[in-house]
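Peer 1: Here it is, the structure, as structure tokens.
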Amino acid sequence: MKVKYFAWVRERIGKAEETIEPPANVRTVDELIAWLSGRGDGYAYAFEKPKVIRTAIDHAHVKPEAAIAGAREIAFFPPMTGG
Amino acid sequence: MKVKYFAWVRERIGKAEETIEPPANVRTVDELIAWLSGRGDGYAYAFEKPKVIRTAIDHAHVKPEAAIAGAREIAFFPPMTGG
Amino acid sequence: MTVAATIRIQQADFDVAQEIARLSAGRTDVGAVVSFTGICRGTEGSEPIAALTLEHYPGMAEAEIKRHADEAIARWPLLGLTIVHRFGRIAPGENIVLVVTTSSHRQAAFEAAEFLMDYLKTNAPFWKQEESARGTSWIEARDHDDAAAARWTKS
Amino acid sequence: MTVAATIRIQQADFDVAQEIARLSAGRTDVGAVVSFTGICRGTEGSEPIAALTLEHYPGMAEAEIKRHADEAIARWPLLGLTIVHRFGRIAPGENIVLVVTTSSHRQAAFEAAEFLMDYLKTNAPFWKQEESARGTSWIEARDHDDAAAARWTKS
């Protein structure tokens, strides 16, 4: 699946997007964040406070307990500051 | 004192303003309306529902029980429909 | 900083863009601009109208609007405030009234503009007469305008 | 009548007057036009800033704004609705965001504009980075923006 990162999540990880293949036991957004955090220092830094991170699946906001099955694009970003 | 009339109050009375000298026992807006109502059919028609009439003394809204002593200009008009 | 409200009561039309620009152009303290434009509609209730004619009470209209502008400036941290109210004959599609508020943040600008419009509707000495196929008649005040104005009264 | 919202996410500036005119010119059903313009201020907190840079999530930004525009159209009797949100580098004094709502009556136009601004602040995927003498840093979300958005949730 495609993953996108924005704002300081993007800066900390050092890339804007990538394609990942998490193992089958990674079923929810929460679990995906934990799995991503183990991929390196940048990831660990980006996700150090998981409760702050907002997630969207296929362009819609989702909660941490949302299932990721079937997702085409998952995005992680800080709280929004538009407007 | 000077009296002004606006909108349908003006139309019913048939004039926009006049100078009046009510007797000394006319002390409040209420009493002035009652006194004016006795001055002719137009006045009686304009003030037939005194509760609907709004009054301003020297450009400020006042209540029916307000004293008229010292007023330079009293205006009578229907509820406002500006904006 | 003291904010002075601009208040104009005039027969001529106004230019919304110009009034917005006057309160915001070249400034870096203004973060939010709210404008409200009231326009003459082609119907009152369900009946087509040819025009409105607005009568006002010169002197009191300015004083009453000034009083509410000063209250808005006291209640909200505004950076600017402009109110323009037209009188005379106004055809459907033409502007009637304009309120522009500016502030650092959006909530003050929105609330002050709503407050002022609610008070203009119920307290500013203007009266609308409509022209239709049936002749001319005075538009009646609406109870829900009084209710809208009442919500700003401190309890 | 079905109202279609106009939504644009663009780097270029917008013209408030033109957007207002597009929703009201030549119409006699519109009685109220509310515009909100969000402008880049020269300070964040008490610190001077040189500019903001707005990052956004293309695709989701449009989808999210569209969803809230549709909700506004369902909740209020709007006659028109335009939302423009800029991205990229924006200097103090420049426009960031515009919401224009039109309706027969003022309350719907005001409420829908406030609702949309509250949601744009908290739900639209945009992030502001500030440039100042200390370098660049991401602006943090404010709790009271979440509170402002929450007041529109039906209980």
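Naming scheme: A, B, ... for chains in displayed order of the structure tokens; residues 1 onward per chain; ligands 1 onward as shown.
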Can you pull out every residue within 10 Å of range 18-34 of chain B, counting only C-alpha atoms, but drop anything in the same chain fewer than 5 positions away, and send it as a list in words?
Peer 2: Met1, Lys2, Val3, Lys4, Tyr5, Arg39, Tyr43, Ala44, Ala46, Phe47, Glu48, Pro50, Lys51, Ile53, Arg54, Thr55, Ala56, Ile57, Val62, Lys63, Pro64, Glu65, Ala66, Ala67, Ile68, Ala69, Glu73, Ile74 and Phe76 of chain B
Peer 1: Using DSSP on the backbone, list every residue of range 16-54 of chain C that comes out as alpha helix (DSSP H), and give them as a list in words.
Peer 2: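 Matching residues for alpha helix (DSSP H) in range 16-54 of chain C are Val16, Ala17, Gln18, Glu19, Ile20, Ala21, Arg22, Leu23 and Ser24 of chain C.
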Peer 1: Can you pull out every residue within 9 Å of Gly42 in chain A, counting only C-alpha atoms, but drop anything in the same chain fewer than 3 positions away, and send it as a CSV table (one decimal) with N, CA, C and O atoms, in the first residue's frame?
Peer 2:
chain,number,residue,atom,x,y,z
A,9,VAL,N,5.9,15.3,10.1
A,9,VAL,CA,6.0,13.9,9.9
A,9,VAL,C,6.9,13.5,8.7
A,9,VAL,O,7.8,12.7,8.7
A,11,GLU,N,9.0,15.6,7.3
A,11,GLU,CA,10.4,16.0,7.5
A,11,GLU,C,11.2,15.1,8.4
A,11,GLU,O,12.4,14.8,8.1
A,12,ARG,N,10.6,14.5,9.4
A,12,ARG,CA,11.3,13.6,10.3
A,12,ARG,C,11.6,12.3,9.6
A,12,ARG,O,12.7,11.7,9.8
A,13,ILE,N,10.7,11.8,8.8
A,13,ILE,CA,10.9,10.5,8.1
A,13,ILE,C,11.8,10.7,6.9
A,13,ILE,O,12.6,9.8,6.6
A,14,GLY,N,11.8,12.0,6.4
A,14,GLY,CA,12.7,12.3,5.3
A,14,GLY,C,12.2,11.9,3.9
A,14,GLY,O,13.0,11.9,3.0
A,37,SER,N,7.2,2.7,13.3
A,37,SER,CA,8.2,3.3,14.2
A,37,SER,C,9.4,2.4,14.3
A,37,SER,O,10.5,2.9,14.7
A,39,ARG,N,11.0,1.1,11.9
A,39,ARG,CA,11.8,1.0,10.7
A,39,ARG,C,13.0,1.9,10.6
A,39,ARG,O,13.7,2.0,9.6
A,45,TYR,N,11.2,8.9,15.5
A,45,TYR,CA,11.0,10.3,15.9
A,45,TYR,C,9.7,10.9,15.5
A,45,TYR,O,8.9,11.5,16.2
A,46,ALA,N,9.3,10.6,14.2
A,46,ALA,CA,8.0,11.1,13.7
A,46,ALA,C,6.8,10.6,14.5
A,46,ALA,O,5.9,11.3,14.7
A,47,PHE,N,6.9,9.3,14.9
A,47,PHE,CA,5.8,8.7,15.6
A,47,PHE,C,6.0,8.6,17.1
A,47,PHE,O,5.3,7.8,17.8
Peer 1: Could you pull out the residues in chain B that DSSP calls strand (DSSP E) from the backbone, as a count of residues only?
Peer 2: 19
Peer 1: Please report as a ChimeraX atom specification which residues of chain B come no farther than 9 Å from chain C, using only C-alpha atoms.
Peer 2: /B:6-8,56,58-61,75,77-83
Peer 1: If you keep N, CA, C and O atoms, can you produce a file of those selected residues as a PDB file, in the first residue's frame?
Peer 2:
ATOM      1  N   PHE B   6     -42.583  59.226  11.257  1.00  0.00           N
ATOM      2  CA  PHE B   6     -41.943  58.493  10.164  1.00  0.00           C
ATOM      3  C   PHE B   6     -42.825  57.342   9.672  1.00  0.00           C
ATOM      4  O   PHE B   6     -43.670  56.827  10.400  1.00  0.00           O
ATOM      5  N   ALA B   7     -42.578  56.945   8.429  1.00  0.00           N
ATOM      6  CA  ALA B   7     -43.208  55.794   7.781  1.00  0.00           C
ATOM      7  C   ALA B   7     -44.733  55.936   7.838  1.00  0.00           C
ATOM      8  O   ALA B   7     -45.259  57.017   7.552  1.00  0.00           O
ATOM      9  N   TRP B   8     -45.453  54.858   8.215  1.00  0.00           N
ATOM     10  CA  TRP B   8     -46.918  54.981   8.138  1.00  0.00           C
ATOM     11  C   TRP B   8     -47.489  55.898   9.216  1.00  0.00           C
ATOM     12  O   TRP B   8     -48.618  56.392   9.082  1.00  0.00           O
ATOM     13  N   ALA B  56     -38.727  57.943  20.098  1.00  0.00           N
ATOM     14  CA  ALA B  56     -37.356  58.369  20.410  1.00  0.00           C
ATOM     15  C   ALA B  56     -37.413  59.802  20.934  1.00  0.00           C
ATOM     16  O   ALA B  56     -38.176  60.627  20.434  1.00  0.00           O
ATOM     17  N   ASP B  58     -34.886  62.941  21.516  1.00  0.00           N
ATOM     18  CA  ASP B  58     -33.550  63.445  21.173  1.00  0.00           C
ATOM     19  C   ASP B  58     -32.649  62.330  20.637  1.00  0.00           C
ATOM     20  O   ASP B  58     -31.502  62.149  21.077  1.00  0.00           O
ATOM     21  N   HIS B  59     -33.199  61.579  19.677  1.00  0.00           N
ATOM     22  CA  HIS B  59     -32.451  60.562  18.907  1.00  0.00           C
ATOM     23  C   HIS B  59     -32.126  59.280  19.672  1.00  0.00           C
ATOM     24  O   HIS B  59     -31.289  58.491  19.198  1.00  0.00           O
ATOM     25  N   ALA B  60     -32.741  59.074  20.841  1.00  0.00           N
ATOM     26  CA  ALA B  60     -32.517  57.814  21.560  1.00  0.00           C
ATOM     27  C   ALA B  60     -33.857  57.129  21.799  1.00  0.00           C
ATOM     28  O   ALA B  60     -34.856  57.777  22.153  1.00  0.00           O
ATOM     29  N   HIS B  61     -33.880  55.796  21.617  1.00  0.00           N
ATOM     30  CA  HIS B  61     -35.115  55.052  21.889  1.00  0.00           C
ATOM     31  C   HIS B  61     -35.516  55.221  23.351  1.00  0.00           C
ATOM     32  O   HIS B  61     -34.669  55.196  24.240  1.00  0.00           O
ATOM     33  N   ALA B  75     -39.840  61.745  18.445  1.00  0.00           N
ATOM     34  CA  ALA B  75     -40.223  61.117  17.174  1.00  0.00           C
ATOM     35  C   ALA B  75     -41.050  59.868  17.428  1.00  0.00           C
ATOM     36  O   ALA B  75     -40.780  59.103  18.358  1.00  0.00           O
ATOM     37  N   PHE B  77     -42.732  56.425  15.439  1.00  0.00           N
ATOM     38  CA  PHE B  77     -42.583  55.634  14.223  1.00  0.00           C
ATOM     39  C   PHE B  77     -42.955  54.177  14.476  1.00  0.00           C
ATOM     40  O   PHE B  77     -43.024  53.737  15.621  1.00  0.00           O
ATOM     41  N   PRO B  78     -43.183  53.412  13.396  1.00  0.00           N
ATOM     42  CA  PRO B  78     -43.470  51.981  13.553  1.00  0.00           C
ATOM     43  C   PRO B  78     -42.177  51.226  13.898  1.00  0.00           C
ATOM     44  O   PRO B  78     -41.093  51.797  13.790  1.00  0.00           O
ATOM     45  N   PRO B  79     -42.300  49.933  14.257  1.00  0.00           N
ATOM     46  CA  PRO B  79     -41.094  49.115  14.454  1.00  0.00           C
ATOM     47  C   PRO B  79     -40.195  49.228  13.216  1.00  0.00           C
ATOM     48  O   PRO B  79     -40.681  49.277  12.090  1.00  0.00           O
ATOM     49  N   MET B  80     -38.909  49.257  13.454  1.00  0.00           N
ATOM     50  CA  MET B  80     -37.956  49.515  12.379  1.00  0.00           C
ATOM     51  C   MET B  80     -37.736  48.288  11.509  1.00  0.00           C
ATOM     52  O   MET B  80     -37.788  47.158  11.976  1.00  0.00           O
ATOM     53  N   THR B  81     -37.468  48.524  10.247  1.00  0.00           N
ATOM     54  CA  THR B  81     -37.269  47.433   9.292  1.00  0.00           C
ATOM     55  C   THR B  81     -36.056  47.714   8.399  1.00  0.00           C
ATOM     56  O   THR B  81     -36.087  47.465   7.191  1.00  0.00           O
ATOM     57  N   GLY B  82     -35.017  48.245   9.004  1.00  0.00           N
ATOM     58  CA  GLY B  82     -33.791  48.510   8.246  1.00  0.00           C
ATOM     59  C   GLY B  82     -32.943  47.264   8.101  1.00  0.00           C
ATOM     60  O   GLY B  82     -33.384  46.149   8.337  1.00  0.00           O
ATOM     61  N   GLY B  83     -31.705  47.490   7.713  1.00  0.00           N
ATOM     62  CA  GLY B  83     -30.738  46.395   7.624  1.00  0.00           C
ATOM     63  C   GLY B  83     -30.878  45.610   6.353  1.00  0.00           C
ATOM     64  O   GLY B  83     -31.776  45.818   5.578  1.00  0.00           O
TER      65      GLY B  83
END
Peer 1: Do me a favour and pick out the residues of chain D within 9 Å of chain C, using only C-alpha atoms, as a PyMOL selection string.
Peer 2: chain D and resi 15-18+20+24-43+92-95+104-107+109-110+113-114+117+148
Peer 1: Find the distance between CA of Gln10 in chain D and CA of Asp70 in chain D and write it in Å to one decimal.
Peer 2: 20.2 Å
Peer 1: Fewer than 5 positions away in the same chain doesn't count, so skip those; otherwise give me all residues within 8 Å of Arg89 in chain D, counting only C-alpha atoms, as a list in words.
Peer 2: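 So the residues in contact are Ala51, Leu52, Thr53 and Leu54 of chain D.
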Peer 1: In Å, rounded to a single decimal, give me how far CA of Ile65 in chain D is from CA of Ala150 in chain D.
Peer 2: 16.6 Å
Peer 1: Do you have the CA of Ser46 in chain C-CA of Glu130 in chain C distance handy?
Peer 2: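 Calculated distance between CA of Ser46 in chain C and CA of Glu130 in chain C is 12.9 Å.
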Peer 1: For Ala69 in chain D, please output as a list in words all residues within 9 Å (counting only C-alpha atoms; exclusion window: fewer than 3 positions along the same chain).
Peer 2: Ala4, Ala5, Thr6, Ile7, Glu64, Ile65, Lys66, Ala72, Ile73, Ala74, Leu81, Thr82, Ile83, Ala112 and Leu116 of chain D
